[in-house]
$ cat target01.cif   # mmCIF, C-alpha atoms
data_upload
loop_
_atom_site.group_PDB
_atom_site.id
_atom_site.type_symbol
_atom_site.label_atom_id
_atom_site.label_comp_id
_atom_site.auth_asym_id
_atom_site.auth_seq_id
_atom_site.Cartn_x
_atom_site.Cartn_y
_atom_site.Cartn_z
ATOM 1 C CA MET A 1 132.369 95.873 114.161
ATOM 2 C CA ALA A 2 130.557 92.775 115.394
ATOM 3 C CA THR A 3 127.138 91.781 114.108
ATOM 4 C CA THR A 4 124.426 91.993 116.762
ATOM 5 C CA LYS A 5 121.163 90.071 116.736
ATOM 6 C CA TRP A 6 118.056 91.618 118.332
ATOM 7 C CA THR A 7 114.766 89.777 118.901
ATOM 8 C CA LEU A 8 111.356 91.261 119.543
ATOM 9 C CA ASP A 9 110.176 91.495 123.144
ATOM 10 C CA PRO A 10 106.485 90.636 122.603
ATOM 11 C CA THR A 11 105.413 91.668 126.106
ATOM 12 C CA HIS A 12 106.566 95.247 125.440
ATOM 13 C CA SER A 13 105.535 95.540 121.793
ATOM 14 C CA GLU A 14 102.310 96.167 119.891
ATOM 15 C CA LEU A 15 101.333 96.453 116.240
ATOM 16 C CA GLN A 16 98.176 98.238 115.125
ATOM 17 C CA PHE A 17 96.417 99.127 111.903
ATOM 18 C CA LYS A 18 93.888 101.910 111.364
ATOM 19 C CA VAL A 19 91.295 102.106 108.575
ATOM 20 C CA LYS A 20 88.537 104.648 107.889
ATOM 21 C CA HIS A 21 85.026 103.163 108.203
ATOM 22 C CA LEU A 22 82.108 104.838 106.402
ATOM 23 C CA MET A 23 84.718 107.523 105.697
ATOM 24 C CA ILE A 24 83.776 109.286 108.970
ATOM 25 C CA THR A 25 85.558 107.353 111.738
ATOM 26 C CA THR A 26 88.633 105.198 112.131
ATOM 27 C CA VAL A 27 88.598 101.558 113.244
ATOM 28 C CA THR A 28 91.720 100.311 115.009
ATOM 29 C CA GLY A 29 92.856 96.719 115.031
ATOM 30 C CA SER A 30 95.959 94.899 116.098
ATOM 31 C CA LEU A 31 97.924 91.729 115.557
ATOM 32 C CA LYS A 32 98.203 90.037 118.931
ATOM 33 C CA SER A 33 100.801 87.472 117.792
ATOM 34 C CA PHE A 34 103.882 88.468 115.796
ATOM 35 C CA SER A 35 107.647 88.117 115.842
ATOM 36 C CA ALA A 36 110.530 90.156 114.472
ATOM 37 C CA GLU A 37 114.298 90.049 114.364
ATOM 38 C CA LEU A 38 116.892 92.545 113.363
ATOM 39 C CA THR A 39 120.584 92.229 112.769
ATOM 40 C CA SER A 40 122.766 95.305 113.138
ATOM 41 C CA GLU A 41 126.385 96.343 113.310
ATOM 42 C CA GLY A 42 126.778 96.750 117.063
ATOM 43 C CA ASP A 43 124.210 99.217 118.429
ATOM 44 C CA GLU A 44 123.930 101.140 115.143
ATOM 45 C CA PHE A 45 120.795 100.347 113.153
ATOM 46 C CA GLU A 46 121.620 101.913 109.792
ATOM 47 C CA ASN A 47 121.855 99.103 107.215
ATOM 48 C CA ALA A 48 120.223 96.673 109.679
ATOM 49 C CA GLU A 49 118.417 93.628 108.326
ATOM 50 C CA ILE A 50 114.858 93.261 109.605
ATOM 51 C CA SER A 51 112.376 90.411 109.300
ATOM 52 C CA PHE A 52 108.807 90.242 110.604
ATOM 53 C CA LYS A 53 106.073 87.600 110.693
ATOM 54 C CA GLY A 54 102.525 88.241 111.928
ATOM 55 C CA ASP A 55 99.758 85.706 112.574
ATOM 56 C CA ILE A 56 96.541 86.654 110.725
ATOM 57 C CA GLY A 57 94.560 84.472 113.138
ATOM 58 C CA SER A 58 95.481 86.910 115.923
ATOM 59 C CA ILE A 59 93.724 89.942 114.379
ATOM 60 C CA ASP A 60 91.735 91.764 117.042
ATOM 61 C CA THR A 61 89.535 94.816 116.423
ATOM 62 C CA GLY A 62 87.452 94.390 119.569
ATOM 63 C CA ASN A 63 84.544 92.929 117.584
ATOM 64 C CA THR A 64 84.370 89.163 116.969
ATOM 65 C CA ASP A 65 82.118 89.411 113.889
ATOM 66 C CA ARG A 66 84.424 91.993 112.266
ATOM 67 C CA ASP A 67 87.516 89.946 113.190
ATOM 68 C CA ASN A 68 85.988 86.839 111.582
ATOM 69 C CA HIS A 69 85.120 88.846 108.455
ATOM 70 C CA LEU A 70 88.710 90.129 108.240
ATOM 71 C CA LYS A 71 90.022 86.553 108.528
ATOM 72 C CA SER A 72 87.628 85.346 105.787
ATOM 73 C CA GLY A 73 88.231 85.170 102.048
ATOM 74 C CA ASP A 74 86.732 88.660 101.658
ATOM 75 C CA PHE A 75 89.903 90.051 103.252
ATOM 76 C CA PHE A 76 92.967 88.132 104.499
ATOM 77 C CA ASP A 77 91.819 84.534 103.799
ATOM 78 C CA ALA A 78 93.581 83.309 106.937
ATOM 79 C CA GLU A 79 93.025 79.617 106.126
ATOM 80 C CA LYS A 80 95.053 79.953 102.937
ATOM 81 C CA PHE A 81 97.409 82.803 103.937
ATOM 82 C CA ALA A 82 98.104 82.467 107.655
ATOM 83 C CA HIS A 83 100.811 85.130 107.936
ATOM 84 C CA ILE A 84 101.881 88.613 106.971
ATOM 85 C CA GLU A 85 105.628 88.886 106.356
ATOM 86 C CA PHE A 86 108.135 91.694 105.891
ATOM 87 C CA LYS A 87 111.818 91.653 104.940
ATOM 88 C CA SER A 88 113.829 94.858 104.778
ATOM 89 C CA SER A 89 115.834 95.840 101.716
ATOM 90 C CA SER A 90 117.379 98.977 103.263
ATOM 91 C CA VAL A 91 117.485 100.879 106.541
ATOM 92 C CA GLU A 92 118.738 104.446 106.236
ATOM 93 C CA LYS A 93 119.350 106.954 109.001
ATOM 94 C CA ASP A 94 117.196 110.065 108.659
ATOM 95 C CA GLY A 95 118.184 112.469 111.432
ATOM 96 C CA GLY A 96 117.529 110.575 114.674
ATOM 97 C CA ASP A 97 115.097 108.204 112.963
ATOM 98 C CA TYR A 98 115.276 105.577 110.233
ATOM 99 C CA THR A 99 113.618 105.056 106.864
ATOM 100 C CA VAL A 100 112.918 101.353 106.446
ATOM 101 C CA LYS A 101 112.235 99.987 102.973
ATOM 102 C CA GLY A 102 111.379 96.400 102.193
ATOM 103 C CA ASP A 103 108.981 93.839 100.825
ATOM 104 C CA LEU A 104 105.643 93.286 102.550
ATOM 105 C CA THR A 105 103.704 90.106 101.751
ATOM 106 C CA ILE A 106 99.980 89.954 102.462
ATOM 107 C CA LYS A 107 97.629 87.347 101.020
ATOM 108 C CA GLY A 108 100.352 86.055 98.709
ATOM 109 C CA GLU A 109 101.042 89.510 97.211
ATOM 110 C CA THR A 110 104.499 91.019 97.770
ATOM 111 C CA LYS A 111 104.947 94.763 97.304
ATOM 112 C CA PRO A 112 107.639 97.278 98.283
ATOM 113 C CA VAL A 113 106.778 99.532 101.222
ATOM 114 C CA LYS A 114 108.456 102.397 103.059
ATOM 115 C CA LEU A 115 108.085 102.830 106.814
ATOM 116 C CA THR A 116 109.454 105.291 109.349
ATOM 117 C CA ALA A 117 111.068 104.017 112.539
ATOM 118 C CA GLU A 118 111.454 106.646 115.236
ATOM 119 C CA PHE A 119 114.352 105.549 117.432
ATOM 120 C CA GLY A 120 113.433 105.703 121.128
ATOM 121 C CA GLY A 121 116.883 104.776 122.394
ATOM 122 C CA ILE A 122 118.718 101.946 124.111
ATOM 123 C CA ALA A 123 118.351 101.085 127.800
ATOM 124 C CA THR A 124 119.236 98.276 130.179
ATOM 125 C CA ASP A 125 116.388 96.745 132.180
ATOM 126 C CA PRO A 126 116.717 95.757 135.876
ATOM 127 C CA TRP A 127 117.677 92.197 134.837
ATOM 128 C CA GLY A 128 120.627 93.323 132.721
ATOM 129 C CA ASN A 129 118.966 92.975 129.300
ATOM 130 C CA THR A 130 119.863 95.601 126.712
ATOM 131 C CA LYS A 131 116.752 96.858 124.923
ATOM 132 C CA ALA A 132 116.196 99.092 121.881
ATOM 133 C CA GLY A 133 112.890 100.834 121.240
ATOM 134 C CA PHE A 134 111.251 102.055 118.043
ATOM 135 C CA THR A 135 107.950 103.661 117.079
ATOM 136 C CA LEU A 136 106.984 102.417 113.630
ATOM 137 C CA SER A 137 104.625 104.200 111.231
ATOM 138 C CA GLY A 138 103.611 103.973 107.613
ATOM 139 C CA LYS A 139 100.767 103.642 105.149
ATOM 140 C CA ILE A 140 99.814 101.038 102.574
ATOM 141 C CA ASN A 141 97.035 100.690 100.029
ATOM 142 C CA ARG A 142 95.159 97.512 100.951
ATOM 143 C CA SER A 143 94.012 96.803 97.386
ATOM 144 C CA ASP A 144 97.687 96.480 96.344
ATOM 145 C CA PHE A 145 97.660 93.280 98.417
ATOM 146 C CA GLY A 146 94.410 91.828 97.087
ATOM 147 C CA LEU A 147 92.295 93.162 99.980
ATOM 148 C CA THR A 148 89.605 94.583 97.702
ATOM 149 C CA TRP A 149 86.288 93.864 99.469
ATOM 150 C CA ASN A 150 84.172 96.966 99.870
ATOM 151 C CA ALA A 151 80.606 98.244 99.707
ATOM 152 C CA ALA A 152 79.316 101.427 98.089
ATOM 153 C CA LEU A 153 77.313 103.736 100.328
ATOM 154 C CA GLU A 154 73.987 105.278 99.305
ATOM 155 C CA THR A 155 75.347 108.685 100.274
ATOM 156 C CA GLY A 156 78.453 108.188 98.122
ATOM 157 C CA GLY A 157 81.835 106.885 99.077
ATOM 158 C CA VAL A 158 82.661 103.426 100.317
ATOM 159 C CA MET A 159 82.462 101.508 103.572
ATOM 160 C CA VAL A 160 86.217 100.861 104.014
ATOM 161 C CA SER A 161 89.050 103.153 102.891
ATOM 162 C CA GLU A 162 91.870 101.902 100.681
ATOM 163 C CA GLU A 163 94.523 103.493 102.909
ATOM 164 C CA VAL A 164 95.665 101.533 105.948
ATOM 165 C CA ARG A 165 97.873 103.206 108.526
ATOM 166 C CA ILE A 166 100.373 100.982 110.335
ATOM 167 C CA LEU A 167 101.550 101.886 113.834
ATOM 168 C CA GLY A 168 103.879 99.938 116.080
ATOM 169 C CA GLU A 169 105.622 100.242 119.404
ATOM 170 C CA LEU A 170 108.474 97.765 119.183
ATOM 171 C CA GLN A 171 111.031 96.791 121.789
ATOM 172 C CA PHE A 172 113.947 94.532 120.872
ATOM 173 C CA VAL A 173 116.273 92.577 123.165
ATOM 174 C CA LYS A 174 119.970 92.350 122.346
ATOM 175 C CA GLN A 175 121.069 88.725 122.162
ATOM 176 C CA ALA A 176 124.311 87.643 123.853
#
$ encode --input "target01.cif" --output "structure tokens"
Amino acid sequence: MATTKWTLDPTHSELQFKVKHLMITTVTGSLKSFSAELTSEGDEFENAEISFKGDIGSIDTGNTDRDNHLKSGDFFDAEKFAHIEFKSSSVEKDGGDYTVKGDLTIKGETKPVKLTAEFGGIATDPWGNTKAGFTLSGKINRSDFGLTWNAALETGGVMVSEEVRILGELQFVKQA
């Protein structure tokens, strides 16, 4: 079967992260600028190769002061580490979905992660482009990647949770 290259359609894709704040509410942020490619055997995504690159400078939580703090040395250190990167090591079919394993690099630290990709299907848009859609989800521990800033609360607990949930709506375009 022929190898097929798919590139991210950024106008129909989004990538978010969610973190508990004060341990009572969740703050949502997103990367506004990122790219991804996948290579598959035809239209079958098992054993696909996936690569991703996200621009730390594009972090947006809806609050400029918080965004600047996240880009600072306390968190991502965007001046020194401008990107987040992911490269898959395996993609396995799990029912109608996929388990994606690979190496995630944040702030110069590379760790293995496991994500779930819910397959939305393949469709052709009105301009004849073949598109594939996925809903991505997973969790990481931010301190594994050197994101260790925190503050203890007088009432106990900490300001920012260690667990970060990753959520994505990703649409890929089949390349001719």
$ axis_aligned_box --input "target01.cif" --around "segment 21-38 of chain A" --padding-each-side "3 Å" --output "lines of an AutoDock Vina configuration file"
center_x = 99.5
center_y = 98.4
center_z = 112.3
size_x = 40.8
size_y = 27.8
size_z = 19.2
$ resolve_selection --input "target01.cif" --expression "the PyMOL selection byres ((chain A and resi 56-58) around 7)" --output "list in words"
Leu31, Lys32, Ser33, Gly54, Asp55, Ile59, Asp60, Lys71, Ala78, Ala82, His83 and Ile84 of chain A
$ resolve_selection --input "target01.cif" --expression "the PyMOL selection byres ((chain A and resi 149) around 8)" --output "number ranges by chain"
A: 74-75, 147-148, 150-151
$ residues_around --input "target01.cif" --residues "Thr116 of chain A" --least-positions-apart "5" --cutoff "7 Å" --atoms "all atoms listed in the file" --output "count of residues only"
6
$ resolve_selection --input "target01.cif" --expression "the PyMOL selection byres ((chain A and resi 115) around 12)" --output "ChimeraX atom specification"
/A:86-92,94,97-104,112-114,116-118,134-140,165-168
$ closest_residue --input "target01.cif" --among "A:Glu41, A:Pro10, A:Lys20, A:Phe145" --to "Phe76 of chain A" --atoms "all atoms listed in the file"
A:Phe145
$ residues_around --input "target01.cif" --residues "Ala48 of chain A" --least-positions-apart "4" --cutoff "7 Å" --atoms "all atoms listed in the file" --output "count of residues only"
4
$ atom_distance --input "target01.cif" --atom1 "atom CA of Val160 of chain A" --atom2 "atom CA of Ser13 of chain A"
26.8 Å
$ atom_distance --input "target01.cif" --atom1 "atom CA of Thr64 of chain A" --atom2 "atom CA of Met159 of chain A"
18.3 Å
$ closest_residue --input "target01.cif" --among "A:Thr124, A:Ser35, A:Thr28, A:Asn47" --to "Asn63 of chain A" --atoms "all atoms listed in the file"
A:Thr28
$ closest_residue --input "target01.cif" --among "A:Glu44, A:Asp77, A:Asp125, A:Glu109" --to "Gln171 of chain A" --atoms "all atoms listed in the file"
A:Asp125
$ decode --input "target01.cif" --residues "segment 134-157 of chain A" --atoms "N, CA and C atoms" --output "PDB file, in the first residue's frame"
ATOM      1  N   PHE A 134      -9.500  13.959  14.234  1.00  0.00           N
ATOM      2  CA  PHE A 134      -9.184  13.246  15.474  1.00  0.00           C
ATOM      3  C   PHE A 134      -9.459  14.153  16.666  1.00  0.00           C
ATOM      4  N   THR A 135      -9.917  13.559  17.764  1.00  0.00           N
ATOM      5  CA  THR A 135      -9.998  14.239  19.045  1.00  0.00           C
ATOM      6  C   THR A 135      -8.929  13.625  19.926  1.00  0.00           C
ATOM      7  N   LEU A 136      -7.982  14.435  20.341  1.00  0.00           N
ATOM      8  CA  LEU A 136      -6.823  13.985  21.104  1.00  0.00           C
ATOM      9  C   LEU A 136      -7.021  14.264  22.581  1.00  0.00           C
ATOM     10  N   SER A 137      -6.620  13.321  23.440  1.00  0.00           N
ATOM     11  CA  SER A 137      -6.683  13.555  24.884  1.00  0.00           C
ATOM     12  C   SER A 137      -5.553  12.804  25.578  1.00  0.00           C
ATOM     13  N   GLY A 138      -5.160  13.346  26.714  1.00  0.00           N
ATOM     14  CA  GLY A 138      -4.128  12.705  27.514  1.00  0.00           C
ATOM     15  C   GLY A 138      -3.802  13.547  28.721  1.00  0.00           C
ATOM     16  N   LYS A 139      -2.900  13.025  29.545  1.00  0.00           N
ATOM     17  CA  LYS A 139      -2.471  13.728  30.751  1.00  0.00           C
ATOM     18  C   LYS A 139      -0.966  13.600  30.878  1.00  0.00           C
ATOM     19  N   ILE A 140      -0.337  14.656  31.391  1.00  0.00           N
ATOM     20  CA  ILE A 140       1.079  14.607  31.721  1.00  0.00           C
ATOM     21  C   ILE A 140       1.267  15.206  33.106  1.00  0.00           C
ATOM     22  N   ASN A 141       2.414  14.927  33.707  1.00  0.00           N
ATOM     23  CA  ASN A 141       2.809  15.558  34.950  1.00  0.00           C
ATOM     24  C   ASN A 141       3.802  16.648  34.578  1.00  0.00           C
ATOM     25  N   ARG A 142       3.456  17.902  34.830  1.00  0.00           N
ATOM     26  CA  ARG A 142       4.274  19.021  34.375  1.00  0.00           C
ATOM     27  C   ARG A 142       5.662  19.026  34.991  1.00  0.00           C
ATOM     28  N   SER A 143       5.804  18.539  36.225  1.00  0.00           N
ATOM     29  CA  SER A 143       7.126  18.550  36.860  1.00  0.00           C
ATOM     30  C   SER A 143       8.089  17.583  36.175  1.00  0.00           C
ATOM     31  N   ASP A 144       7.574  16.564  35.474  1.00  0.00           N
ATOM     32  CA  ASP A 144       8.435  15.667  34.699  1.00  0.00           C
ATOM     33  C   ASP A 144       9.214  16.424  33.628  1.00  0.00           C
ATOM     34  N   PHE A 145       8.705  17.586  33.238  1.00  0.00           N
ATOM     35  CA  PHE A 145       9.304  18.383  32.169  1.00  0.00           C
ATOM     36  C   PHE A 145       9.971  19.656  32.698  1.00  0.00           C
ATOM     37  N   GLY A 146      10.253  19.678  33.989  1.00  0.00           N
ATOM     38  CA  GLY A 146      10.945  20.826  34.573  1.00  0.00           C
ATOM     39  C   GLY A 146      10.051  22.029  34.829  1.00  0.00           C
ATOM     40  N   LEU A 147       8.737  21.844  34.764  1.00  0.00           N
ATOM     41  CA  LEU A 147       7.787  22.930  35.042  1.00  0.00           C
ATOM     42  C   LEU A 147       7.373  22.794  36.513  1.00  0.00           C
ATOM     43  N   THR A 148       8.230  23.272  37.408  1.00  0.00           N
ATOM     44  CA  THR A 148       8.071  22.984  38.832  1.00  0.00           C
ATOM     45  C   THR A 148       7.610  24.166  39.672  1.00  0.00           C
ATOM     46  N   TRP A 149       7.461  25.361  39.085  1.00  0.00           N
ATOM     47  CA  TRP A 149       7.046  26.518  39.881  1.00  0.00           C
ATOM     48  C   TRP A 149       5.718  26.232  40.551  1.00  0.00           C
ATOM     49  N   ASN A 150       5.591  26.644  41.795  1.00  0.00           N
ATOM     50  CA  ASN A 150       4.334  26.508  42.508  1.00  0.00           C
ATOM     51  C   ASN A 150       4.367  27.399  43.736  1.00  0.00           C
ATOM     52  N   ALA A 151       3.262  27.491  44.427  1.00  0.00           N
ATOM     53  CA  ALA A 151       3.178  28.236  45.678  1.00  0.00           C
ATOM     54  C   ALA A 151       2.259  27.478  46.621  1.00  0.00           C
ATOM     55  N   ALA A 152       2.709  27.324  47.868  1.00  0.00           N
ATOM     56  CA  ALA A 152       1.880  26.663  48.880  1.00  0.00           C
ATOM     57  C   ALA A 152       0.772  27.613  49.315  1.00  0.00           C
ATOM     58  N   LEU A 153      -0.376  27.061  49.613  1.00  0.00           N
ATOM     59  CA  LEU A 153      -1.518  27.858  50.060  1.00  0.00           C
ATOM     60  C   LEU A 153      -1.644  27.770  51.578  1.00  0.00           C
ATOM     61  N   GLU A 154      -2.062  28.855  52.195  1.00  0.00           N
ATOM     62  CA  GLU A 154      -2.247  28.875  53.654  1.00  0.00           C
ATOM     63  C   GLU A 154      -3.218  27.803  54.116  1.00  0.00           C
ATOM     64  N   THR A 155      -4.193  27.502  53.282  1.00  0.00           N
ATOM     65  CA  THR A 155      -5.229  26.529  53.641  1.00  0.00           C
ATOM     66  C   THR A 155      -4.807  25.096  53.326  1.00  0.00           C
ATOM     67  N   GLY A 156      -3.570  24.931  52.846  1.00  0.00           N
ATOM     68  CA  GLY A 156      -3.085  23.622  52.424  1.00  0.00           C
ATOM     69  C   GLY A 156      -3.202  23.488  50.925  1.00  0.00           C
ATOM     70  N   GLY A 157      -2.465  22.586  50.376  1.00  0.00           N
ATOM     71  CA  GLY A 157      -2.476  22.404  48.933  1.00  0.00           C
ATOM     72  C   GLY A 157      -1.544  23.390  48.249  1.00  0.00           C
TER      73      GLY A 157
END
